[in-house]
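S.K.: Below: one structure in structure tokens.
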Amino acid sequence: MKSIRLERVSKSYDGELILDNLNLEIPTGQFFALLGPSGCGKTTILRLLAGLEHVDSGKIYLGDQDITNVPIHKRKINTVFQQYALFPHLSVFENVAYSLRIKRMSDDLIKAKVSELLKMVRLSGFESKMPRSLSGGQQQRVALARALISEPEVLLLDEPLAALDLKLKEEMLLELSQLQDKLKMTFVYVTHDQFEALTVSERMAIMNVQGDIEQLGTPKAIYEFPVSRFVANFVGNTNFIEGKLQISSGKYSVEVDGLGLFSVYTPVEKLWMIPGCRLYVSVRPEKIFISKSPKEGFSNHMAGKVIDIIYYGRSTQYRVKLRNGLYVLVFEQNEEHFPQENIDYDDEVHLYFQKENVVLLEH
Ligand SMILES: Nc1ncnc2c1ncn2[C@@H]1O[C@H](COP(=O)(O)OP(=O)(O)OP(=O)(O)O)[C@@H](O)[C@H]1O
Ligand SMILES: [Mg+2]
């Protein structure tokens with residue numbers, strides 16, 4: 001199968017290196033998300049793929065074809081940007097029809113294609129409306145139809161939902177994912193919002209501030225097995241507990257100042273995991289069980305005092321100050337079959353977690 005590859009791509013603006021020897025492979029026919037903090041170079045990558053910018057060095061391939069120097073209109077790659085960027089003086093129909101008009105396609109064919117695309121983005125009947133009379137979500141759907149009408153092989157989406165409110169964003173995410181499923185086209189979706197990337201993508205890449213890819217994988221693999229502190233913290237919430245690694249007869253444990261010894265488990269041994277090394281244990285807040293009374297059956301125990309409670313409806317978040325001064329976040333699901341204990345501020349609580357639910361991260 002064809003993939004999009006950036007090989008040792010470097011790009012600088014005004015003498016400042018933004019991408020430094022970047023290697024990235026994006027599988028085709030999938031919903032791929034590129035997630036990273038603001039300013040790390042995500043838009044720059046899309047602009048290079050689209051042909052709006054040129055690399056300083058390195059190569060870009062679409063399948064076997066080297067497209068590094070292929071001009072923008074000859075790449076079968078289209079983009080939907082964060083700003084709607086519709087032509088304000090053209091109707092919805094003419095906005096979508098634009099690229100076909102340039103190709104001088106017949107009126108009948110244009111009408112048929114535009115109708116098909118507007119139906120796909122659920123805007124049938126909006127043909128004669130002007131962009132300014134549409135909502136943000138509707139404008140983005142027009143932009144989507146316009147980008148898809150020339151039948152690109154790859155659709156680049158640069159934070160296309162950033163301007164929408166949460167409810168609409170969730171709806172549009174679902175629609176985008178259904179659309180991709182139907183078209184089986186490569187979607188490269190750029191965002192700095194981990195929620196969007198996790199919900200919508202089949203595979204994702206996490207970029208750090210320096211513009212390097214830290215991890216690439218399925219959302220589940222990245223969430224459950226982050227490879228670095230940066231990834232663990234950027235994708236979801238987590239608790240970092242610093243300690244010293246001990247290994248005895250194949251069993252791992254971590255000694256934490258003021259908290260004693262934790263049993264930990266790691267499915268893969270890493271080179272840096274040598275006895276005595278300092279490291280971080282990462283435990284997701286939803287993997288910690290909170291209770292006012294002692295419980296059995298857990299590998300690890302901590303104790304502390306509740307200093308903050310936030311009720312989120314579906315879940316409750318507790319901030320607990322441990323006896324060694326460390327703060328720990330705990331998420332508790334508010335479910336019917338989970339009898340709630342009415343935990344309150346200042347309550348002394350026990351926190352438990354299993355060794356399988358920790359990730360060991362390099363210091
Ligand atoms: N045309 C340009 N001229 C000069 N510097 C630029 C240009 N475009 C981007 N930059 C710089 O390159 C860096 C990366 O920018 P880029 O737009 O790729 O980031 P991003 O990851 O898309 O961020 P965001 O999430 O905020 O959109 C930033 O420091 C930015 O200021
Ligand atoms: Mg950007």
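Lettering and numbering for the structure tokens are positional, with chains as A, B, ... in the shown order, residues counted from 1 in each chain, and ligands counted from 1 in the shown order.
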Which residues come within 8 Å of Ile77 (chain A), counting only C-alpha atoms, excluding same-chain residues fewer than 3 positions away, as a PyMOL selection string?
M.R.: chain A and resi 49-50+152-156
S.K.: Check which residues of chain A sit at most 12 Å from ligand 1 using only C-alpha atoms and all ligand atoms, and return one row each with the closest pair of atoms and their distance in Å to one decimal, ordered by chain and rising number, as CSV.
M.R.:
residue,atom,partner,partner_atom_place_in_ligand_line,distance
A:Lys11,CA,ligand 1,12 (O),9.1
A:Ser12,CA,ligand 1,12 (O),7.6
A:Tyr13,CA,ligand 1,4 (C),4.7
A:Asp14,CA,ligand 1,4 (C),6.0
A:Gly15,CA,ligand 1,4 (C),9.1
A:Glu16,CA,ligand 1,5 (N),7.9
A:Leu17,CA,ligand 1,12 (O),8.2
A:Ile18,CA,ligand 1,12 (O),5.6
A:Leu19,CA,ligand 1,14 (C),8.4
A:Asp20,CA,ligand 1,14 (C),11.9
A:Leu34,CA,ligand 1,21 (O),9.3
A:Leu35,CA,ligand 1,21 (O),8.5
A:Gly36,CA,ligand 1,21 (O),6.4
A:Pro37,CA,ligand 1,25 (O),5.8
A:Ser38,CA,ligand 1,25 (O),3.4
A:Gly39,CA,ligand 1,19 (O),3.5
A:Cys40,CA,ligand 1,21 (O),4.0
A:Gly41,CA,ligand 1,18 (O),3.1
A:Lys42,CA,ligand 1,21 (O),3.7
A:Thr43,CA,ligand 1,22 (O),3.6
A:Thr44,CA,ligand 1,18 (O),3.7
A:Ile45,CA,ligand 1,18 (O),6.6
A:Leu46,CA,ligand 1,18 (O),8.1
A:Arg47,CA,ligand 1,18 (O),8.3
A:Leu48,CA,ligand 1,18 (O),9.9
A:Leu52,CA,ligand 1,1 (N),10.4
A:Glu53,CA,ligand 1,1 (N),8.9
A:His54,CA,ligand 1,1 (N),11.4
A:Phe81,CA,ligand 1,27 (O),10.4
A:Gln82,CA,ligand 1,27 (O),8.8
A:Gln83,CA,ligand 1,27 (O),11.4
A:Leu157,CA,ligand 1,22 (O),11.3
A:Asp158,CA,ligand 1,22 (O),7.9
A:Glu159,CA,ligand 1,27 (O),7.6
A:Pro160,CA,ligand 1,27 (O),10.9
A:Ala162,CA,ligand 1,27 (O),10.0
A:Tyr189,CA,ligand 1,22 (O),11.4
A:Val190,CA,ligand 1,22 (O),7.9
A:Thr191,CA,ligand 1,25 (O),6.5
A:His192,CA,ligand 1,25 (O),5.5
A:Asp193,CA,ligand 1,25 (O),8.9
A:Gln194,CA,ligand 1,25 (O),11.7
A:Ile206,CA,ligand 1,21 (O),11.1
A:Met207,CA,ligand 1,21 (O),8.6
A:Asn208,CA,ligand 1,21 (O),9.4
A:Val209,CA,ligand 1,21 (O),8.4
A:Gln210,CA,ligand 1,14 (C),9.5
A:Gly211,CA,ligand 1,21 (O),8.0
A:Asp212,CA,ligand 1,21 (O),11.1
S.K.: Print the selection's residues with N, CA and C atoms to a file, as a compact mmCIF listing (two decimals), in the first residue's frame.
M.R.:
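Contents of the output file part-v7.txt:
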# COMPACT_ATOMS: atom_id res chain seq x y z
N LYS A 11 13.52 21.96 7.68
CA LYS A 11 12.89 23.19 7.22
C LYS A 11 13.14 24.29 8.24
N SER A 12 13.63 25.41 7.77
CA SER A 12 13.78 26.54 8.70
C SER A 12 13.10 27.78 8.15
N TYR A 13 12.72 28.65 9.05
CA TYR A 13 12.18 29.96 8.69
C TYR A 13 13.10 31.00 9.28
N ASP A 14 13.51 31.94 8.49
CA ASP A 14 14.37 33.03 8.96
C ASP A 14 15.55 32.52 9.78
N GLY A 15 16.19 31.46 9.30
CA GLY A 15 17.37 30.94 9.99
C GLY A 15 17.06 30.09 11.21
N GLU A 16 15.78 29.97 11.57
CA GLU A 16 15.43 29.14 12.73
C GLU A 16 14.94 27.78 12.26
N LEU A 17 15.64 26.75 12.76
CA LEU A 17 15.31 25.39 12.33
C LEU A 17 14.01 24.94 13.00
N ILE A 18 13.00 24.63 12.18
CA ILE A 18 11.70 24.20 12.72
C ILE A 18 11.62 22.67 12.69
N LEU A 19 11.98 22.08 11.55
CA LEU A 19 12.02 20.62 11.44
C LEU A 19 13.46 20.22 11.14
N ASP A 20 13.97 19.29 11.95
CA ASP A 20 15.38 18.92 11.84
C ASP A 20 15.49 17.44 11.51
N LEU A 34 -1.88 14.00 13.71
CA LEU A 34 -0.58 14.53 14.10
C LEU A 34 -0.85 15.47 15.27
N LEU A 35 -0.35 15.07 16.44
CA LEU A 35 -0.68 15.81 17.66
C LEU A 35 0.59 16.41 18.24
N GLY A 36 0.53 17.68 18.59
CA GLY A 36 1.71 18.29 19.19
C GLY A 36 1.39 19.67 19.71
N PRO A 37 2.23 20.20 20.60
CA PRO A 37 1.97 21.51 21.18
C PRO A 37 2.06 22.63 20.14
N SER A 38 1.49 23.76 20.47
CA SER A 38 1.46 24.90 19.57
C SER A 38 2.89 25.32 19.18
N GLY A 39 3.09 25.55 17.90
CA GLY A 39 4.38 26.04 17.43
C GLY A 39 5.41 24.96 17.15
N CYS A 40 5.04 23.67 17.27
CA CYS A 40 6.05 22.60 17.11
C CYS A 40 6.32 22.29 15.63
N GLY A 41 5.46 22.76 14.73
CA GLY A 41 5.73 22.56 13.31
C GLY A 41 4.70 21.71 12.57
N LYS A 42 3.52 21.54 13.14
CA LYS A 42 2.50 20.70 12.51
C LYS A 42 2.01 21.30 11.19
N THR A 43 1.65 22.59 11.24
CA THR A 43 1.18 23.25 10.03
C THR A 43 2.29 23.26 8.98
N THR A 44 3.52 23.44 9.44
CA THR A 44 4.65 23.41 8.51
C THR A 44 4.71 22.07 7.77
N ILE A 45 4.50 20.97 8.47
CA ILE A 45 4.51 19.65 7.82
C ILE A 45 3.41 19.58 6.76
N LEU A 46 2.21 20.04 7.11
CA LEU A 46 1.11 20.00 6.14
C LEU A 46 1.41 20.87 4.93
N ARG A 47 2.00 22.04 5.17
CA ARG A 47 2.30 22.94 4.05
C ARG A 47 3.36 22.33 3.13
N LEU A 48 4.28 21.58 3.72
CA LEU A 48 5.28 20.88 2.90
C LEU A 48 4.61 19.77 2.09
N LEU A 52 2.87 23.88 -0.49
CA LEU A 52 2.80 25.33 -0.25
C LEU A 52 4.14 25.87 0.25
N GLU A 53 4.99 24.96 0.72
CA GLU A 53 6.35 25.34 1.16
C GLU A 53 7.31 24.31 0.60
N HIS A 54 8.59 24.69 0.53
CA HIS A 54 9.59 23.73 0.06
C HIS A 54 10.55 23.32 1.16
N PHE A 81 -8.35 24.15 6.02
CA PHE A 81 -7.64 24.92 7.04
C PHE A 81 -8.52 25.25 8.23
N GLN A 82 -7.86 25.77 9.26
CA GLN A 82 -8.57 26.16 10.48
C GLN A 82 -9.58 27.29 10.20
N GLN A 83 -9.12 28.33 9.51
CA GLN A 83 -10.05 29.37 9.11
C GLN A 83 -10.79 28.85 7.90
N LEU A 157 -6.04 18.05 7.02
CA LEU A 157 -6.98 18.85 7.82
C LEU A 157 -6.20 19.54 8.92
N ASP A 158 -6.10 20.87 8.82
CA ASP A 158 -5.31 21.61 9.80
C ASP A 158 -6.22 22.23 10.85
N GLU A 159 -6.37 21.57 11.98
CA GLU A 159 -7.24 22.02 13.06
C GLU A 159 -8.57 22.54 12.51
N PRO A 160 -9.27 21.74 11.73
CA PRO A 160 -10.47 22.26 11.05
C PRO A 160 -11.61 22.57 12.00
N ALA A 162 -11.17 23.84 15.21
CA ALA A 162 -10.70 24.66 16.34
C ALA A 162 -11.67 25.78 16.70
N TYR A 189 -4.84 14.58 9.96
CA TYR A 189 -5.56 15.52 10.80
C TYR A 189 -4.62 16.10 11.85
N VAL A 190 -4.41 17.41 11.77
CA VAL A 190 -3.49 18.05 12.69
C VAL A 190 -4.23 18.74 13.82
N THR A 191 -3.78 18.54 15.02
CA THR A 191 -4.42 19.18 16.16
C THR A 191 -3.46 19.29 17.34
N HIS A 192 -3.76 20.24 18.24
CA HIS A 192 -3.00 20.24 19.49
C HIS A 192 -3.90 19.75 20.61
N ASP A 193 -5.10 19.26 20.21
CA ASP A 193 -6.09 18.82 21.19
C ASP A 193 -6.07 17.29 21.27
N GLN A 194 -5.59 16.78 22.40
CA GLN A 194 -5.44 15.33 22.53
C GLN A 194 -6.78 14.60 22.47
N ILE A 206 2.92 11.69 17.89
CA ILE A 206 3.04 12.75 18.89
C ILE A 206 4.34 13.50 18.65
N MET A 207 4.21 14.80 18.42
CA MET A 207 5.39 15.65 18.20
C MET A 207 5.70 16.42 19.47
N ASN A 208 6.99 16.61 19.74
CA ASN A 208 7.35 17.44 20.90
C ASN A 208 7.66 18.87 20.46
N VAL A 209 7.96 19.72 21.42
CA VAL A 209 8.17 21.14 21.13
C VAL A 209 9.30 21.35 20.12
N GLN A 210 10.29 20.44 20.16
CA GLN A 210 11.43 20.58 19.24
C GLN A 210 11.08 20.19 17.81
N GLY A 211 9.88 19.66 17.59
CA GLY A 211 9.49 19.26 16.24
C GLY A 211 9.91 17.84 15.90
N ASP A 212 10.24 17.03 16.90
CA ASP A 212 10.57 15.62 16.66
C ASP A 212 9.35 14.76 16.96
S.K.: Could you pull out the strand (DSSP E) residues of region 73-249 of chain A from DSSP and send them as a PDB file with C-alpha atoms, in the first residue's frame?
M.R.:
ATOM      1  CA  ILE A  77      -3.377  16.458  -1.975  1.00  0.00           C
ATOM      2  CA  ASN A  78      -5.939  18.987  -0.725  1.00  0.00           C
ATOM      3  CA  THR A  79      -6.211  20.920   2.507  1.00  0.00           C
ATOM      4  CA  VAL A  80      -8.937  22.125   4.848  1.00  0.00           C
ATOM      5  CA  VAL A 154      -4.896  12.682   0.536  1.00  0.00           C
ATOM      6  CA  LEU A 155      -6.876  15.184   2.562  1.00  0.00           C
ATOM      7  CA  LEU A 156      -4.948  17.369   4.977  1.00  0.00           C
ATOM      8  CA  LEU A 157      -6.980  18.853   7.816  1.00  0.00           C
ATOM      9  CA  ASP A 158      -5.305  21.606   9.802  1.00  0.00           C
ATOM     10  CA  THR A 186      -5.973   9.186   3.668  1.00  0.00           C
ATOM     11  CA  PHE A 187      -6.894  11.876   6.186  1.00  0.00           C
ATOM     12  CA  VAL A 188      -4.026  13.651   7.915  1.00  0.00           C
ATOM     13  CA  TYR A 189      -5.558  15.524  10.801  1.00  0.00           C
ATOM     14  CA  VAL A 190      -3.488  18.052  12.687  1.00  0.00           C
ATOM     15  CA  THR A 191      -4.424  19.182  16.158  1.00  0.00           C
ATOM     16  CA  ARG A 203      -3.022   5.955  14.211  1.00  0.00           C
ATOM     17  CA  MET A 204      -1.365   9.025  15.588  1.00  0.00           C
ATOM     18  CA  ALA A 205       2.034  10.638  15.917  1.00  0.00           C
ATOM     19  CA  ILE A 206       3.040  12.754  18.886  1.00  0.00           C
ATOM     20  CA  MET A 207       5.392  15.646  18.204  1.00  0.00           C
ATOM     21  CA  ILE A 213       8.171  12.678  16.564  1.00  0.00           C
ATOM     22  CA  GLU A 214       8.272  11.087  20.032  1.00  0.00           C
ATOM     23  CA  GLN A 215       5.849   8.249  19.403  1.00  0.00           C
ATOM     24  CA  LEU A 216       3.719   6.807  16.644  1.00  0.00           C
ATOM     25  CA  GLY A 217       1.011   4.208  17.135  1.00  0.00           C
ATOM     26  CA  ASN A 239       0.565  11.075  37.949  1.00  0.00           C
ATOM     27  CA  PHE A 240       4.351  10.915  37.998  1.00  0.00           C
ATOM     28  CA  ILE A 241       5.955   9.402  41.059  1.00  0.00           C
ATOM     29  CA  GLU A 242       9.722   9.630  41.179  1.00  0.00           C
ATOM     30  CA  GLY A 243      11.760   6.814  42.661  1.00  0.00           C
ATOM     31  CA  LYS A 244      14.657   4.403  42.454  1.00  0.00           C
ATOM     32  CA  LEU A 245      14.455   1.115  40.544  1.00  0.00           C
ATOM     33  CA  GLN A 246      15.107  -2.180  42.289  1.00  0.00           C
ATOM     34  CA  ILE A 247      15.273  -5.501  40.489  1.00  0.00           C
ATOM     35  CA  SER A 248      15.474  -8.722  42.396  1.00  0.00           C
TER      36      SER A 248
END
S.K.: Using only C-alpha atoms, which of the listed residues (A:Val256, A:Val330, A:Ile290, A:Ile110) sits closest to Leu351 (chain A)?
M.R.: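 Once distances to Leu351 (chain A) are computed over only C-alpha atoms, the minimum belongs to A:Ile290.
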S.K.: For region 68-73 of chain A, please output as a list in words all residues within 6 Å (counting only C-alpha atoms; exclusion window: fewer than 6 positions along the same chain).
M.R.: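 In the requested form, the answer reads Gly51, Lys59 and Ile60 of chain A.
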S.K.: Could you state the separation of CA of Tyr223 (chain A) and CA of Leu22 (chain A) in Å, given to one decimal place?
M.R.: 22.9 Å
S.K.: Extract, using only C-alpha atoms, all DNA, RNA and protein residues at most 9 Å from region 123-132 of chain A, discarding same-chain residues fewer than 6 positions from it, and format them as number ranges by chain.
M.R.: A: 86-95, 114-117, 138-139, 141-142
S.K.: So that I can check the secondary structure, give me every residue of region 116-230 of chain A assigned alpha helix (DSSP H) by backbone DSSP, as a VMD selection string.
M.R.: chain A and resid 116 to 120 136 to 148 166 to 183 194 to 200 219 to 224 229 to 230
S.K.: Emit the selected residues as a short mmCIF file (atom, residue, chain, number, x, y, z; two decimals), in the first residue's frame, including N, CA and C atoms.
M.R.:
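See selection-v9.cif below for the written result:
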data_model
loop_
_atom_site.label_atom_id
_atom_site.label_comp_id
_atom_site.auth_asym_id
_atom_site.auth_seq_id
_atom_site.Cartn_x
_atom_site.Cartn_y
_atom_site.Cartn_z
N GLU A 116 -23.67 15.73 -5.19
CA GLU A 116 -23.20 14.53 -4.49
C GLU A 116 -22.38 14.91 -3.25
N LEU A 117 -21.46 15.86 -3.43
CA LEU A 117 -20.60 16.28 -2.32
C LEU A 117 -21.39 16.97 -1.21
N LEU A 118 -22.35 17.84 -1.61
CA LEU A 118 -23.13 18.54 -0.59
C LEU A 118 -23.99 17.56 0.19
N LYS A 119 -24.44 16.52 -0.50
CA LYS A 119 -25.22 15.50 0.18
C LYS A 119 -24.32 14.79 1.21
N MET A 120 -23.11 14.51 0.77
CA MET A 120 -22.16 13.80 1.64
C MET A 120 -21.87 14.58 2.93
N GLY A 136 -20.50 28.20 11.83
CA GLY A 136 -19.11 27.74 11.72
C GLY A 136 -19.01 26.32 11.22
N GLY A 137 -19.84 25.45 11.79
CA GLY A 137 -19.80 24.03 11.41
C GLY A 137 -20.21 23.83 9.95
N GLN A 138 -21.22 24.59 9.52
CA GLN A 138 -21.66 24.48 8.13
C GLN A 138 -20.58 24.99 7.17
N GLN A 139 -19.92 26.08 7.56
CA GLN A 139 -18.85 26.61 6.70
C GLN A 139 -17.72 25.59 6.55
N GLN A 140 -17.40 24.90 7.67
CA GLN A 140 -16.33 23.89 7.58
C GLN A 140 -16.76 22.72 6.71
N ARG A 141 -18.05 22.42 6.70
CA ARG A 141 -18.51 21.33 5.84
C ARG A 141 -18.44 21.73 4.37
N VAL A 142 -18.69 23.02 4.09
CA VAL A 142 -18.53 23.50 2.71
C VAL A 142 -17.05 23.38 2.31
N ALA A 143 -16.18 23.80 3.22
CA ALA A 143 -14.73 23.73 2.93
C ALA A 143 -14.32 22.28 2.66
N LEU A 144 -14.92 21.37 3.41
CA LEU A 144 -14.63 19.94 3.25
C LEU A 144 -15.08 19.46 1.87
N ALA A 145 -16.31 19.83 1.50
CA ALA A 145 -16.84 19.44 0.18
C ALA A 145 -15.96 20.01 -0.92
N ARG A 146 -15.52 21.25 -0.74
CA ARG A 146 -14.69 21.90 -1.75
C ARG A 146 -13.34 21.19 -1.90
N ALA A 147 -12.80 20.73 -0.76
CA ALA A 147 -11.51 20.05 -0.81
C ALA A 147 -11.64 18.64 -1.41
N LEU A 148 -12.81 18.03 -1.25
CA LEU A 148 -12.98 16.65 -1.70
C LEU A 148 -13.40 16.54 -3.16
N LEU A 166 -17.67 22.88 21.78
CA LEU A 166 -17.40 21.48 22.09
C LEU A 166 -18.42 20.50 21.51
N LYS A 167 -19.70 20.81 21.65
CA LYS A 167 -20.77 19.92 21.20
C LYS A 167 -20.68 19.71 19.68
N LEU A 168 -20.53 20.82 18.97
CA LEU A 168 -20.45 20.78 17.51
C LEU A 168 -19.18 20.06 17.07
N LYS A 169 -18.11 20.30 17.82
CA LYS A 169 -16.83 19.66 17.53
C LYS A 169 -16.99 18.14 17.61
N GLU A 170 -17.67 17.67 18.66
CA GLU A 170 -17.88 16.23 18.83
C GLU A 170 -18.68 15.65 17.67
N GLU A 171 -19.73 16.38 17.26
CA GLU A 171 -20.55 15.92 16.13
C GLU A 171 -19.73 15.84 14.85
N MET A 172 -18.95 16.91 14.61
CA MET A 172 -18.16 16.97 13.38
C MET A 172 -17.06 15.91 13.36
N LEU A 173 -16.51 15.62 14.54
CA LEU A 173 -15.48 14.58 14.62
C LEU A 173 -16.06 13.24 14.17
N LEU A 174 -17.27 12.97 14.64
CA LEU A 174 -17.95 11.73 14.29
C LEU A 174 -18.23 11.71 12.78
N GLU A 175 -18.70 12.83 12.25
CA GLU A 175 -18.99 12.90 10.81
C GLU A 175 -17.73 12.70 9.98
N LEU A 176 -16.65 13.34 10.41
CA LEU A 176 -15.38 13.21 9.68
C LEU A 176 -14.93 11.75 9.66
N SER A 177 -15.06 11.11 10.81
CA SER A 177 -14.61 9.74 10.91
C SER A 177 -15.48 8.81 10.05
N GLN A 178 -16.79 9.08 10.00
CA GLN A 178 -17.67 8.28 9.13
C GLN A 178 -17.35 8.51 7.66
N LEU A 179 -17.06 9.78 7.34
CA LEU A 179 -16.73 10.14 5.96
C LEU A 179 -15.45 9.44 5.51
N GLN A 180 -14.45 9.44 6.37
CA GLN A 180 -13.19 8.79 6.04
C GLN A 180 -13.41 7.30 5.84
N ASP A 181 -14.24 6.74 6.69
CA ASP A 181 -14.56 5.32 6.61
C ASP A 181 -15.18 4.98 5.27
N LYS A 182 -16.05 5.86 4.80
CA LYS A 182 -16.75 5.64 3.54
C LYS A 182 -15.80 5.81 2.35
N LEU A 183 -14.98 6.86 2.41
CA LEU A 183 -14.13 7.19 1.26
C LEU A 183 -12.84 6.37 1.24
N GLN A 194 -5.59 16.78 22.40
CA GLN A 194 -5.44 15.33 22.53
C GLN A 194 -6.78 14.60 22.47
N PHE A 195 -7.84 15.25 22.93
CA PHE A 195 -9.16 14.62 22.89
C PHE A 195 -9.56 14.34 21.44
N GLU A 196 -9.38 15.34 20.56
CA GLU A 196 -9.71 15.16 19.14
C GLU A 196 -8.89 14.02 18.53
N ALA A 197 -7.60 14.05 18.79
CA ALA A 197 -6.72 13.04 18.18
C ALA A 197 -7.07 11.63 18.66
N LEU A 198 -7.33 11.50 19.95
CA LEU A 198 -7.65 10.18 20.49
C LEU A 198 -8.97 9.65 19.94
N THR A 199 -9.97 10.52 19.85
CA THR A 199 -11.29 10.06 19.42
C THR A 199 -11.33 9.65 17.97
N VAL A 200 -10.61 10.37 17.13
CA VAL A 200 -10.89 10.26 15.72
C VAL A 200 -9.90 9.39 14.93
N PRO A 219 -4.04 5.10 19.05
CA PRO A 219 -4.35 5.91 20.24
C PRO A 219 -4.28 5.09 21.52
N LYS A 220 -4.76 3.85 21.46
CA LYS A 220 -4.77 3.00 22.66
C LYS A 220 -3.34 2.68 23.12
N ALA A 221 -2.49 2.32 22.16
CA ALA A 221 -1.10 1.99 22.51
C ALA A 221 -0.38 3.21 23.09
N ILE A 222 -0.65 4.37 22.51
CA ILE A 222 0.03 5.58 22.99
C ILE A 222 -0.48 5.98 24.37
N TYR A 223 -1.78 5.84 24.58
CA TYR A 223 -2.34 6.19 25.88
C TYR A 223 -1.88 5.21 26.96
N GLU A 224 -1.87 3.94 26.61
CA GLU A 224 -1.55 2.93 27.63
C GLU A 224 -0.05 2.70 27.82
N ARG A 229 7.96 10.81 29.32
CA ARG A 229 7.18 11.67 30.21
C ARG A 229 6.37 12.66 29.41
N PHE A 230 6.98 13.18 28.33
CA PHE A 230 6.28 14.16 27.50
C PHE A 230 4.98 13.57 26.95
#
S.K.: Please list as a PyMOL selection string every residue within 6 Å of region 315-323 of chain A, counting only C-alpha atoms and excluding residues in the same chain fewer than 4 positions away.
M.R.: chain A and resi 303-311+327-334
S.K.: Limited to C-alpha atoms, could you put the picked residues into a file as a tab-separated table (two decimals), in the first residue's frame?
M.R.:
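Once written, again.tsv looks like this:
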chain	number	residue	atom	x	y	z
A	303	ALA	CA	-2.38	7.20	51.95
A	304	GLY	CA	-3.19	10.89	52.10
A	305	LYS	CA	-5.72	13.63	52.59
A	306	VAL	CA	-8.30	14.95	50.10
A	307	ILE	CA	-7.62	18.59	49.37
A	308	ASP	CA	-9.73	19.20	46.29
A	309	ILE	CA	-12.83	17.65	44.69
A	310	ILE	CA	-14.28	18.47	41.29
A	311	TYR	CA	-17.58	16.92	40.25
A	327	TYR	CA	-0.06	15.47	45.06
A	328	VAL	CA	-1.97	12.71	43.26
A	329	LEU	CA	-4.99	12.98	40.95
A	330	VAL	CA	-7.70	10.33	41.09
A	331	PHE	CA	-10.71	9.98	38.75
A	332	GLU	CA	-13.65	8.02	40.03
A	333	GLN	CA	-16.48	6.97	37.71
A	334	ASN	CA	-19.89	7.98	38.99
S.K.: Which residues, written as a PyMOL selection string, have at least one atom at most 6 Å from Asn300 (chain A), with only C-alpha atoms counted and residues fewer than 3 positions away on the same chain left out?
M.R.: chain A and resi 262+352-353
S.K.: Could you dump the residues just selected with C-alpha atoms as a tab-separated table (two decimals), in the first residue's frame?
M.R.:
chain	number	residue	atom	x	y	z
A	262	PHE	CA	5.97	-0.08	45.02
A	352	TYR	CA	-4.62	1.71	45.60
A	353	PHE	CA	-3.29	0.72	42.20
